[in-house]
Amino acid sequence: MAIDKITLGILANHCAAAAESMAFTLYRTAHSTFVKETEDFTTGLTTPDGQTFATPTDLGATWFVGLNYGNVIRVFDDYEDGDVCMTNDPYSGYVCTHPPDMHLWKPIFHEGEIVCFAVGHVHNTDVGGAVPASLSRTLTEVHQEGIRIPPTKLYSAGVLNQPILDVIRTNVRVPDQNWGDLKAQVAAMNTGERKVKEMIARFGIETFRQGMYDLMDYAEAQTRDLVRTLPDGVYRFADYLDEDSAGGYPCRIALKLTIEGDSIEFDFTGSDPQLESSINMPTGGDPRHILMMVGLDYVLYSLDPSILLNSGMTRVCHCILPKGTIVNPEFPAAVGMRSLTEARVMDVIFGAFAQVAPDRLAACSASGGPIMNVNSVDHRTGRRVVASIDPISGGAGGNPREDGTDGSGANSSFLKNTPVEINEAEVPIRILRYGLTKDSAGAGRYRGGLATELEFRVYAPNTKITARNRDRNRFRAWGTRGGRAGGPSSFLLNPGSNHEVNLGNTDILTVAPGDVIKVACGGAAGWGNPWERPAEDVLMDVRRGFVSPERASQDYGVVLANDRIDHAATEQRRTEMKSNASDAFFDFGSEREEFEAVWSEANYDVLTSGLAALPTHWRFFIKGRVFEAVSKLDAGEPIGDGTAVEAILRDIVAEYPQLSTAN
Amino acid sequence: MGYRIGVDIGGTFTDFCAFDEATKAVHTLKVLSTPDRPGEEVVQGLVALQDRYGIAPSEVSYFTHGTTVGVNTVIQRKGVNLCLFTTKNFEDVLEVARLKMPDPYDLFSRRPVPLVTKEKVFQIGGRILADGSEDVPVDEDSVRAAIAGVRDIGGEAIVVALLHAYRNAAHEHRVRDIVKAEAPDLAVICACDVWPVIREYERTVTAVVAGYVQPRVADYLTALEQSLERAGVPAVPMITKSNGGVMSAALGKTQCAQMLLSGTAAGVIGASYVARMTGSANTMSIDIGGTSADVAFIRDGEPQYGVGEMIGEFPIHIPTVSVTSIGEGGGSIAWVDAQGVLKVGPESAGSDPGPACYGKGGTRAAITDAFCVCGFLGQAELGYSAVHIDTELARKAVGNIAAQLGLGLQETAEAIIRVAVSGMYLEVSKLLSRYGIDPREFTLQAFGGAGPMLACFVARELGMERIVVPTTPGVLSAFGGLIADIKNDFIKTVYCDLDGGAETLRDGYAALRRDAMTWLHDEQGFAGEATLLYTADMRYRGQSFEIETVLQENWIEAGDLAAIADAFHAEHGRVYDHADDAAAVQAINLRLVIVGAAPKPELKQLPEGGQTPEPIGTMEVFYDGATHEAALYDRAALLAGQRIDGPAVVQQDDCTTCILGGFTAEIDSYGNLLLNG
């Protein structure tokens with residue numbers, strides 16, 4: 001029987017307090033600066049079967065609402081008071097999603113019975129493996145991505161499992177940090193346990209036990225109410241990562257969204273095969289895997305911020321995640337850089353929902369900016385410095401009510417930058433510019449947010465720059481309802497000099513003294529027709545240095561003369577724009593239009609269904625062969641109907657007779 | 001001999017606390033604030049003090065006050081037309097801020113629009129490096145172009161905030177001098193003179209808030225000085241500061257950044273005084289008003305300090321008494337969501353129209369209405385008769401909620417209280433974990449108009465066993481101002497390794513000490529003994545945040561770096577539960593606080609009374625699902641040593657204390673209520 005609604009509201013506050021207190025305890029006692037800078041951690045409480053019913057919102061990463069710990073909890077037949085378990089293996093139950101994330105769970109007992117679990121994770125700076133920080137797009141198997149701990153008891157009945165700790169310490173680059181952060185996690189678990197015991201004392205065991213489930217039912221009811229306001233239908237959307245591996249071909253994520261009554265289905269059939277790089281998403285095919293729910297959670301919470309954030313909200317949805325694809329790779333696919341793909345998966349979900357609720361949701365937000373790291377020797381001290389200098393982020397897409405936020409926003413809102421003054425004091429670089437990128441945003445009635453850019457000079461030879469998560473150098477953020485696509489990201493060596501190099505999506509390079517690096521995120525896209533934006537607003541953007549006079553004229557039809565609006569010329573230009581306008585819902589930018597002139601929906605259907613019939617470990621290879629062959633076809637020949645790709649695929653498969661007998 | 005007067009000017013009421021130096025008596029008073037005519041409420045209050053207590057303006061020997069005029073200027077965005085000069089290529093410092101959004105789960109979350117929007121930002125050529133050396137001299141033509149730009153948009157004032165000016169102020173000062181020479185009518189402030197600390201966004205936004213409010217605050221203070229002079233008050237007016245100290249109002253006209261949280265900080269100073277007086281060294285104070293509750297922690301009888309407190313939507317990074325505002329107060333409104341779950345807040349009836357029971361047009365049930373329906377309120381006038389309670393209106397408002405919930409009227413009222421208190425529990429729990437505090441080791445001190453009403457409920461929710469309700473809970477901020485010391489903070493960013501940094505520390509502190517002495521003795525005219533507090537913001541190399549560590553002067557003089565490092569390790573351990581004695585330590589900022597002690601009143605002790613005071617009546621109150629008979633007491637009649645067993649209600653001019661069953665109140669020798677549960 002459900003507990004009464006008054007008690008439910010009060011219990012909701014107490015559970016939130018428990019989760020928040022756990023998060024503050026972890027944040028306060030964590031050893032690594034990484035945790036404090038990026039807040040890449042979570043805490044929470046789950047039911048005995050692993051459903052999260054309490055999540056913090058003040059601190060921590062935003063991706064893990066409703067993470068289900070059931071698969072790892074069930075690994076152990078019995079638990080004792082004082083046990084603390086851990087895993088960072090993405091292939092042991094698909095709770096952990098890449099090896100740097102160390103997940104812990106601790107049973108909380110009342111009179112000898114498990115009442116719930118305290119849970120949480122920390123992204124460790126390094127867990128060993130092939131590269132420092134354990135993450136690189138170039139890795140091809142999970143074995144290269146660091147030590148993997150299958151579900152294991154770190155403490156048994158309060159006694160530390162020293163051998164396993166020693167194994168971890170031996171295999172990571174900065175063992176004290178890992179151990180320090182583990183201790184902080186344990187402290188957070190203990191805070192959660194204390195809070196739960198206080199709740200049991202206050203509410204009574206029966207009310208608490210029932211209340212956990214009622215809180216999820218409450219969130220589910222709120223969410224179903226919201227989904228019922230969305231029109232039923234089938235909505236399709238796809239988007240691309242620029243590269244499926246370093247220097248590779250585009251990688252497609254495709255979604256068919258179905259809304260029926262108060263339920264949602266995500267069908268990812270048609271997404272690319274799993275890759276020989278580390279951007280696979282380890283979901284195990286779980287129909288409500290957390291990585292596939294992040295975009296949904298954002299949409300639902302943004303449409304109704306009163307929704308309680310717990311597992312209940314994700315019950316409205318289930319996913320179809322074909323095996324052997326980027327959204328459900330098979331062991332031992334590498335997964336470390338799944339965050340790069342996650343950004344695009346979110347965009348795909350946002351793109352589908354943008355069609356569902358065009359007057360309530362925004363155009364595409366920015367992504368593709370890296371987290372910049374510098375590894376150099378400081379000439380002032382002689383010391384080697386390895387530092388994360390800044391996340392290069394971009395803004396939110398324009399939305400039906402206002403411009404997108406500049407510099408950060410939408411689904412990239414939780415990272416902080418590092419002050420220029422701190423970077424220059426700590427790291428042997430000179431920052432030449434840090435700010436917003438003019439003309440980077442997509443035009444619209446409500447424009448997208450501007451990207452940030454960073455330009456700096458290095459001073460030491462053999463300085464290594466890493467730029468994780470680079471993307472959107474080719475395919476841009478898409479505008480909606482007449483709004484224009486955002487600008488591409490960029491990564492340049494020695495810009496404006498006679499030895500300028502376009503680094504594209506490179507994510508690691510070595511530079512020399514005097515070299516200048518300039519990096520910018522992609523821009524966010526606009527919402528609505530740009531010619532409907534009040535000319536005064538466009539003029540103000542020009543005065544603010546956000547839009548150049550040329551682009552004011554070209555994109556918005558606002559013609560300026562001497563810092564004033566030329567009304568006659570503007571009127572004329574805007575009339576022209578209006579009459580030439582396309583009525584397409586999305587604006588993808590010319591790069592994607594050109595790509596899709598070749599790689600049409602029909603071609604992708606042929607390719608992905610053809611690849612799906614092959615053994616998993618062949619798919620990435622064959623995909624590459626097909627793309628190579630298509631790129632050699634004569635330009636100008638229309639190939640969009642699928643027949644050419646079908647023939648190419650058949651020919652390539654025929655080259656490998658072993659495929660016909662392979663499993 | 002004369003009267004020392006502390007005043008706190010709030011949004012609704014202006015509170016007065018007058019201390020009679022001869023008799024040791026403390027007199028209190030509230031008058032309605034006059035936000036449209038700042039200063040007038042002070043004059044009205046002085047008249048009322050004379051009428052009520054016979055205090056003549058000419059007898060006022062000391063006058064200090066706290067005001068929200070600075071904060072309101074920011075919240076209402078009624079400041080000066082301000083421009084900002086930044087280093088070229090770093091002009092988006094306010095737009096980009098620190099990137100993080102207020103609610104990262106919400107795709108539509110936004111940072112507030114900066115007080116200086118981008119068309120009012122101008123770029124200055126020239127560059128200072130991290131070590132303070134000059135890389136490129138100031139481009140004076142760019143300054144002149146910027147001044148012309150300010151003219152074009154009708155700017156009235158300029159903040160100059162250049163990179164690394166905390167290390168070398170020469171460029172900012174050069175720019176200021178050019179502006180003064182070429183545009184003497186424009187007010188100009190250098191960020192390094194407001195608070196010279198590393199981190200460009202924090203330093204810039206602090207200076208911008210200061211520059212934005214400065215003319216309004218200066219005008220207000222001038223008007224106040226004139227009002228006091230006309231009224232015949234001989235004392236030099238003082239103003240309470242965000243750091244819990246006071247300074248002369250005259251100095252406040254230029255050092256506006258220092259007084260933005262003046263009233264709030266003074267409340268915590270008052271609470272600290274009460275904490276020491278009642279032997280509650282570790283106290284959590286909660287000041288609950290109409291729209292919010294301000295929570296502060298007092299350790300060893302001292303307030304805690306921090307930076308980054310919010311002024312409206314903007315953080316200011318100068319040392320401030322740490323206070324966290326929770327968006328729940330007596331006016332928070334109850335409502336029922338689509339799933340039938342009862343919620344309280346964040347919407348508030350505030351002071352206008354206020355809770356339904358105030359009879360000023362409010363119709364939706366607020367927390368105060370719930371207390372009214374439960375029978376705790378309505379026996380007396382509130383706020384020195386400024387408010388009359390109409391229980392019927394409260395019943396009607398709560399009745400609307402009861403109908404939606406399908407519950408009885410009193411059950412609904414109690415549910416509103418319980419939900420509201422659980423919301424406070426949530427916010428306070430975060431703070432407890434952030435600071436690593438066990439509430440059972442702390443005393444709850446409740447003040448503000450609604451604090452004593454909610455105190456027992458909050459204490460029960462948090463598992464706190466001891467509550468203090470001060471004698472003047474409604475005017476504790478005014479009292480705090482009265483006892484606050486003259487105090488100022490000084491900072492110097494050194495950014496050095498502790499190892500080998502002895503000379504840097506010694507020289508740095510010597511410079512700070514010179515500045516501090518000049519401030520106290522020359523600018524404040526303080527003749528007494530100065531107290532100096534040395535601290536440093538330190539960290540392990542590689543960390544991105546610092547911990548303020550208290551240092552001893554002899555360590556600095558003797559270059560005892562080991563003692564300094566040990567102090568940091570110990571502080572790191574206290575704050576974060578771990579320390580690394582082997583790791584390298586850096587000193588980022590040196591800080592110095594100078595204090596000139598204000599004379600403290602010796603409060604009068606109450607005569608001893610019998611065991612149990614005489615109630616002035618009995619009443620029925622509803623809580624814990626049942627009706628209880630409660631005795632009603634008049635606070636003014638209580639005597640030292642008396643005991644009251646809950647359930648009981650104690651009423652006084654400006655608030656009502658609810659004592660639930662299970663709590664016992666003792667009246668201490670100064671008249672504070674000490675509740676044990």
# chains A, B, ... in the order shown; residues from 1 in each chain; ligands from 1
>>> select_by_dssp(residues="region 513-571 of chain A", states="strand (DSSP E or B)", output="list of chain:residue names")
A:Val516, A:Ile517, A:Lys518, A:Val519, A:Ala520, A:Trp527, A:Leu560, A:Ala561, A:Arg564, A:Ile565
>>> write_last_selection(atoms="C-alpha atoms", output="PDB file, in the first residue's frame")
ATOM      1  CA  VAL A 516      50.587  28.935 -31.356  1.00  0.00           C
ATOM      2  CA  ILE A 517      47.516  26.758 -30.901  1.00  0.00           C
ATOM      3  CA  LYS A 518      44.043  28.074 -31.556  1.00  0.00           C
ATOM      4  CA  VAL A 519      41.056  25.936 -30.686  1.00  0.00           C
ATOM      5  CA  ALA A 520      37.359  26.724 -30.867  1.00  0.00           C
ATOM      6  CA  TRP A 527      15.761  28.607 -34.054  1.00  0.00           C
ATOM      7  CA  LEU A 560      24.250  48.344 -41.640  1.00  0.00           C
ATOM      8  CA  ALA A 561      25.830  51.627 -42.581  1.00  0.00           C
ATOM      9  CA  ARG A 564      23.023  52.249 -38.108  1.00  0.00           C
ATOM     10  CA  ILE A 565      20.399  50.119 -39.771  1.00  0.00           C
TER      11      ILE A 565
END
>>> residues_around(residues="Thr549 (chain B)", least_positions_apart="2", cutoff="10 Å", atoms="only C-alpha atoms", output="PyMOL selection string")
chain B and resi 534-539+546-547+551+564-565+567-572+587+590-591
>>> write_last_selection(atoms="N, CA and C atoms", output="PDB file, in the first residue's frame")
ATOM      1  N   TYR B 534      46.674  37.078  11.020  1.00  0.00           N
ATOM      2  CA  TYR B 534      47.400  36.700   9.810  1.00  0.00           C
ATOM      3  C   TYR B 534      46.860  35.371   9.296  1.00  0.00           C
ATOM      4  N   THR B 535      46.503  35.332   8.042  1.00  0.00           N
ATOM      5  CA  THR B 535      46.130  34.061   7.418  1.00  0.00           C
ATOM      6  C   THR B 535      46.728  34.008   6.019  1.00  0.00           C
ATOM      7  N   ALA B 536      46.782  32.803   5.462  1.00  0.00           N
ATOM      8  CA  ALA B 536      47.244  32.657   4.078  1.00  0.00           C
ATOM      9  C   ALA B 536      46.348  31.645   3.371  1.00  0.00           C
ATOM     10  N   ASP B 537      46.051  31.918   2.109  1.00  0.00           N
ATOM     11  CA  ASP B 537      45.346  30.936   1.279  1.00  0.00           C
ATOM     12  C   ASP B 537      46.397  29.999   0.721  1.00  0.00           C
ATOM     13  N   MET B 538      46.363  28.758   1.145  1.00  0.00           N
ATOM     14  CA  MET B 538      47.405  27.817   0.737  1.00  0.00           C
ATOM     15  C   MET B 538      46.778  26.582   0.102  1.00  0.00           C
ATOM     16  N   ARG B 539      47.640  25.836  -0.600  1.00  0.00           N
ATOM     17  CA  ARG B 539      47.175  24.594  -1.211  1.00  0.00           C
ATOM     18  C   ARG B 539      48.365  23.692  -1.492  1.00  0.00           C
ATOM     19  N   GLU B 546      42.115  26.791  -2.736  1.00  0.00           N
ATOM     20  CA  GLU B 546      42.970  27.069  -1.590  1.00  0.00           C
ATOM     21  C   GLU B 546      42.186  26.964  -0.286  1.00  0.00           C
ATOM     22  N   ILE B 547      42.916  26.759   0.785  1.00  0.00           N
ATOM     23  CA  ILE B 547      42.315  26.778   2.119  1.00  0.00           C
ATOM     24  C   ILE B 547      42.966  27.895   2.900  1.00  0.00           C
ATOM     25  N   LEU B 551      47.847  31.854  10.601  1.00  0.00           N
ATOM     26  CA  LEU B 551      49.285  31.814  10.893  1.00  0.00           C
ATOM     27  C   LEU B 551      49.589  32.677  12.116  1.00  0.00           C
ATOM     28  N   ILE B 564      54.439  26.816   9.466  1.00  0.00           N
ATOM     29  CA  ILE B 564      53.391  27.279   8.547  1.00  0.00           C
ATOM     30  C   ILE B 564      52.826  26.088   7.762  1.00  0.00           C
ATOM     31  N   ALA B 565      53.717  25.240   7.265  1.00  0.00           N
ATOM     32  CA  ALA B 565      53.256  24.058   6.523  1.00  0.00           C
ATOM     33  C   ALA B 565      52.423  23.158   7.424  1.00  0.00           C
ATOM     34  N   ALA B 567      50.635  23.997   9.953  1.00  0.00           N
ATOM     35  CA  ALA B 567      49.315  24.617  10.163  1.00  0.00           C
ATOM     36  C   ALA B 567      48.409  24.323   8.970  1.00  0.00           C
ATOM     37  N   PHE B 568      49.006  24.361   7.785  1.00  0.00           N
ATOM     38  CA  PHE B 568      48.202  24.077   6.585  1.00  0.00           C
ATOM     39  C   PHE B 568      47.771  22.609   6.559  1.00  0.00           C
ATOM     40  N   HIS B 569      48.700  21.701   6.835  1.00  0.00           N
ATOM     41  CA  HIS B 569      48.331  20.279   6.842  1.00  0.00           C
ATOM     42  C   HIS B 569      47.186  20.035   7.820  1.00  0.00           C
ATOM     43  N   ALA B 570      47.292  20.658   8.997  1.00  0.00           N
ATOM     44  CA  ALA B 570      46.252  20.457  10.009  1.00  0.00           C
ATOM     45  C   ALA B 570      44.910  21.002   9.525  1.00  0.00           C
ATOM     46  N   GLU B 571      44.943  22.161   8.896  1.00  0.00           N
ATOM     47  CA  GLU B 571      43.696  22.767   8.418  1.00  0.00           C
ATOM     48  C   GLU B 571      43.106  21.934   7.277  1.00  0.00           C
ATOM     49  N   HIS B 572      43.976  21.439   6.407  1.00  0.00           N
ATOM     50  CA  HIS B 572      43.522  20.588   5.309  1.00  0.00           C
ATOM     51  C   HIS B 572      42.840  19.344   5.869  1.00  0.00           C
ATOM     52  N   ALA B 587      51.771  28.986  -1.250  1.00  0.00           N
ATOM     53  CA  ALA B 587      51.012  30.093  -0.662  1.00  0.00           C
ATOM     54  C   ALA B 587      50.513  30.938  -1.832  1.00  0.00           C
ATOM     55  N   LEU B 590      48.253  36.128   0.650  1.00  0.00           N
ATOM     56  CA  LEU B 590      48.460  36.487   2.053  1.00  0.00           C
ATOM     57  C   LEU B 590      47.304  37.386   2.459  1.00  0.00           C
ATOM     58  N   ARG B 591      46.789  37.133   3.639  1.00  0.00           N
ATOM     59  CA  ARG B 591      45.671  37.951   4.115  1.00  0.00           C
ATOM     60  C   ARG B 591      45.989  38.497   5.496  1.00  0.00           C
TER      61      ARG B 591
END
>>> interface_residues(of="chain A", to="chain B", cutoff="7 Å", atoms="only C-alpha atoms", output="PyMOL selection string")
chain A and resi 5-6+9-10+13-14+16-17+20-21+24-25+28-29+33+62+298+301-302+405+407-411+413-417+419+421-422+424-425+433-436+543-544
>>> residues_around(residues="Val197 (chain B)", least_positions_apart="4", cutoff="9 Å", atoms="only C-alpha atoms", output="ChimeraX atom specification")
/B:165-167,192,202-203,317-318,491-493,589
>>> residues_around(residues="region 201-214 of chain A", least_positions_apart="6", cutoff="12 Å", atoms="only C-alpha atoms", output="number ranges by chain")
A: 1-16, 45-54, 108-111, 113-117, 194-195, 220-221, 308, 310-312; B: 339, 341, 422, 460-463
>>> write_last_selection(atoms="N, CA and C atoms", output="short mmCIF file (atom, residue, chain, number, x, y, z; two decimals), in the first residue's frame")
data_model
loop_
_atom_site.label_atom_id
_atom_site.label_comp_id
_atom_site.auth_asym_id
_atom_site.auth_seq_id
_atom_site.Cartn_x
_atom_site.Cartn_y
_atom_site.Cartn_z
N MET A 1 0.83 -1.19 0.00
CA MET A 1 0.00 0.00 0.00
C MET A 1 0.88 1.25 0.00
N ALA A 2 0.52 2.19 -0.85
CA ALA A 2 1.35 3.40 -0.97
C ALA A 2 1.27 4.23 0.30
N ILE A 3 2.35 4.92 0.62
CA ILE A 3 2.35 5.80 1.79
C ILE A 3 1.59 7.08 1.43
N ASP A 4 1.15 7.82 2.45
CA ASP A 4 0.32 8.99 2.15
C ASP A 4 1.15 10.08 1.48
N LYS A 5 0.45 10.95 0.76
CA LYS A 5 1.13 11.93 -0.11
C LYS A 5 1.89 13.00 0.69
N ILE A 6 1.44 13.27 1.90
CA ILE A 6 2.16 14.24 2.73
C ILE A 6 3.52 13.66 3.12
N THR A 7 3.48 12.43 3.63
CA THR A 7 4.72 11.77 4.02
C THR A 7 5.63 11.59 2.81
N LEU A 8 5.03 11.31 1.65
CA LEU A 8 5.83 11.12 0.44
C LEU A 8 6.64 12.39 0.13
N GLY A 9 5.97 13.54 0.22
CA GLY A 9 6.67 14.80 -0.05
C GLY A 9 7.81 15.03 0.93
N ILE A 10 7.56 14.70 2.18
CA ILE A 10 8.60 14.89 3.22
C ILE A 10 9.73 13.89 3.01
N LEU A 11 9.37 12.66 2.70
CA LEU A 11 10.39 11.63 2.44
C LEU A 11 11.24 12.01 1.23
N ALA A 12 10.59 12.60 0.22
CA ALA A 12 11.34 13.04 -0.96
C ALA A 12 12.44 14.01 -0.55
N ASN A 13 12.12 14.94 0.34
CA ASN A 13 13.13 15.89 0.79
C ASN A 13 14.23 15.19 1.59
N HIS A 14 13.85 14.23 2.42
CA HIS A 14 14.87 13.53 3.21
C HIS A 14 15.77 12.67 2.32
N CYS A 15 15.19 12.04 1.31
CA CYS A 15 16.02 11.22 0.40
C CYS A 15 16.95 12.11 -0.41
N ALA A 16 16.42 13.25 -0.87
CA ALA A 16 17.27 14.19 -1.60
C ALA A 16 18.41 14.65 -0.69
N LEU A 45 21.06 6.58 -3.87
CA LEU A 45 20.52 5.45 -3.13
C LEU A 45 19.69 4.60 -4.08
N THR A 46 19.82 3.28 -3.95
CA THR A 46 19.01 2.40 -4.78
C THR A 46 18.21 1.45 -3.90
N THR A 47 17.17 0.90 -4.50
CA THR A 47 16.40 -0.15 -3.85
C THR A 47 17.26 -1.42 -3.78
N PRO A 48 16.84 -2.43 -3.01
CA PRO A 48 17.65 -3.66 -2.95
C PRO A 48 17.89 -4.27 -4.33
N ASP A 49 16.99 -4.02 -5.29
CA ASP A 49 17.23 -4.56 -6.63
C ASP A 49 17.93 -3.57 -7.55
N GLY A 50 18.41 -2.46 -7.01
CA GLY A 50 19.32 -1.62 -7.78
C GLY A 50 18.73 -0.40 -8.47
N GLN A 51 17.45 -0.12 -8.28
CA GLN A 51 16.87 1.06 -8.93
C GLN A 51 17.16 2.32 -8.12
N THR A 52 17.68 3.34 -8.78
CA THR A 52 18.04 4.57 -8.07
C THR A 52 16.79 5.36 -7.72
N PHE A 53 16.61 5.64 -6.43
CA PHE A 53 15.47 6.46 -6.04
C PHE A 53 15.86 7.82 -5.47
N ALA A 54 17.15 8.08 -5.29
CA ALA A 54 17.59 9.40 -4.81
C ALA A 54 18.87 9.79 -5.51
N ILE A 108 22.86 -1.40 2.89
CA ILE A 108 22.48 -0.79 4.16
C ILE A 108 21.46 -1.71 4.82
N PHE A 109 21.80 -2.12 6.03
CA PHE A 109 20.99 -3.13 6.72
C PHE A 109 20.10 -2.50 7.78
N HIS A 110 18.96 -3.15 8.00
CA HIS A 110 18.14 -2.85 9.16
C HIS A 110 17.68 -4.18 9.74
N GLU A 111 18.04 -4.42 10.98
CA GLU A 111 17.69 -5.68 11.66
C GLU A 111 18.02 -6.89 10.79
N GLU A 113 18.43 -7.23 7.62
CA GLU A 113 17.97 -7.30 6.24
C GLU A 113 18.43 -6.09 5.45
N ILE A 114 18.72 -6.30 4.15
CA ILE A 114 19.12 -5.18 3.30
C ILE A 114 17.90 -4.31 3.01
N VAL A 115 18.02 -3.01 3.33
CA VAL A 115 16.94 -2.06 3.07
C VAL A 115 17.14 -1.38 1.73
N CYS A 116 18.38 -1.02 1.46
CA CYS A 116 18.70 -0.33 0.21
C CYS A 116 20.21 -0.34 0.04
N PHE A 117 20.68 0.24 -1.04
CA PHE A 117 22.12 0.36 -1.28
C PHE A 117 22.50 1.83 -1.42
N ARG A 194 24.23 6.54 7.17
CA ARG A 194 23.78 7.24 8.38
C ARG A 194 22.43 7.92 8.10
N LYS A 195 22.33 8.56 6.95
CA LYS A 195 21.09 9.27 6.61
C LYS A 195 19.92 8.29 6.48
N GLU A 220 7.47 8.53 -12.07
CA GLU A 220 6.90 7.92 -13.27
C GLU A 220 5.57 8.59 -13.63
N ALA A 221 4.74 8.81 -12.61
CA ALA A 221 3.44 9.43 -12.87
C ALA A 221 3.62 10.85 -13.42
N LEU A 308 10.70 14.68 -10.33
CA LEU A 308 11.68 14.13 -9.40
C LEU A 308 12.69 13.31 -10.22
N ASN A 310 14.71 10.44 -10.66
CA ASN A 310 15.06 9.08 -10.22
C ASN A 310 14.69 8.08 -11.31
N SER A 311 14.90 6.80 -11.02
CA SER A 311 14.66 5.76 -12.03
C SER A 311 13.24 5.78 -12.59
N GLY A 312 12.30 6.26 -11.79
CA GLY A 312 10.91 6.25 -12.23
C GLY A 312 10.70 7.00 -13.53
N GLN B 339 0.10 15.45 -8.90
CA GLN B 339 0.04 14.11 -8.33
C GLN B 339 -0.54 14.11 -6.92
N VAL B 341 0.65 15.85 -4.37
CA VAL B 341 1.68 15.99 -3.34
C VAL B 341 1.76 17.45 -2.90
N SER B 422 10.78 20.08 6.28
CA SER B 422 11.61 19.08 5.58
C SER B 422 12.40 19.73 4.45
N ARG B 460 13.91 19.41 15.87
CA ARG B 460 13.50 17.99 15.88
C ARG B 460 13.90 17.31 14.58
N GLU B 461 13.69 18.02 13.45
CA GLU B 461 13.99 17.42 12.15
C GLU B 461 15.48 17.13 12.01
N LEU B 462 16.31 18.02 12.57
CA LEU B 462 17.76 17.87 12.42
C LEU B 462 18.39 17.07 13.54
N GLY B 463 17.60 16.65 14.52
CA GLY B 463 18.16 15.93 15.65
C GLY B 463 18.99 16.82 16.56
#
>>> closest_residue(among="B:Leu407, B:Ile326, B:Val468, B:Val246", to="Gly263 (chain B)", atoms="only C-alpha atoms")
B:Val246
>>> select_by_dssp(residues="region 254-450 of chain B", states="alpha helix (DSSP H)", output="number ranges by chain")
B: 262-277, 367-373, 391-405, 409-435
>>> residues_around(residues="Lys438 (chain A)", least_positions_apart="2", cutoff="10 Å", atoms="only C-alpha atoms", output="PyMOL selection string")
chain A and resi 435-436+440-441+450-453+523+541-542+544-548+551
>>> write_last_selection(atoms="C-alpha atoms", output="PDB file, in the first residue's frame")
ATOM      1  CA  GLY A 435      36.552  34.498 -25.175  1.00  0.00           C
ATOM      2  CA  LEU A 436      33.609  34.050 -27.499  1.00  0.00           C
ATOM      3  CA  SER A 440      30.200  31.064 -34.631  1.00  0.00           C
ATOM      4  CA  ALA A 441      26.498  30.836 -33.811  1.00  0.00           C
ATOM      5  CA  LEU A 450      28.471  31.476 -29.397  1.00  0.00           C
ATOM      6  CA  ALA A 451      31.372  29.107 -29.015  1.00  0.00           C
ATOM      7  CA  THR A 452      34.380  29.806 -26.838  1.00  0.00           C
ATOM      8  CA  GLU A 453      37.880  29.929 -28.265  1.00  0.00           C
ATOM      9  CA  GLY A 523      28.753  26.997 -32.515  1.00  0.00           C
ATOM     10  CA  ASP A 541      24.862  41.680 -31.648  1.00  0.00           C
ATOM     11  CA  VAL A 542      27.122  43.570 -34.032  1.00  0.00           C
ATOM     12  CA  ARG A 544      28.618  43.467 -28.930  1.00  0.00           C
ATOM     13  CA  GLY A 545      31.052  41.865 -31.337  1.00  0.00           C
ATOM     14  CA  PHE A 546      29.006  38.652 -31.586  1.00  0.00           C
ATOM     15  CA  VAL A 547      28.102  39.061 -35.268  1.00  0.00           C
ATOM     16  CA  SER A 548      30.108  40.780 -37.998  1.00  0.00           C
ATOM     17  CA  ARG A 551      27.151  38.219 -41.539  1.00  0.00           C
TER      18      ARG A 551
END
>>> residues_around(residues="Ser263 (chain A)", least_positions_apart="2", cutoff="10 Å", atoms="only C-alpha atoms", output="list in words")
Thr223, Arg224, Val227, Arg228, Asp232, Thr258, Ile259, Glu260, Gly261, Glu265, Arg315, Val316, Cys317 and His318 of chain A
>>> write_last_selection(atoms="C-alpha atoms", output="compact mmCIF listing (two decimals), in the first residue's frame")
# COMPACT_ATOMS: atom_id res chain seq x y z
CA THR A 223 6.71 11.81 -16.44
CA ARG A 224 3.75 9.97 -17.96
CA VAL A 227 4.58 12.45 -22.19
CA ARG A 228 0.81 12.45 -22.68
CA ASP A 232 1.80 10.56 -30.73
CA THR A 258 7.89 6.48 -31.29
CA ILE A 259 5.54 8.19 -28.90
CA GLU A 260 2.36 6.40 -28.07
CA GLY A 261 0.18 7.66 -25.26
CA GLU A 265 10.39 3.90 -27.76
CA ARG A 315 10.29 3.84 -17.04
CA VAL A 316 8.35 5.59 -19.79
CA CYS A 317 10.98 4.60 -22.33
CA HIS A 318 12.58 1.51 -23.76
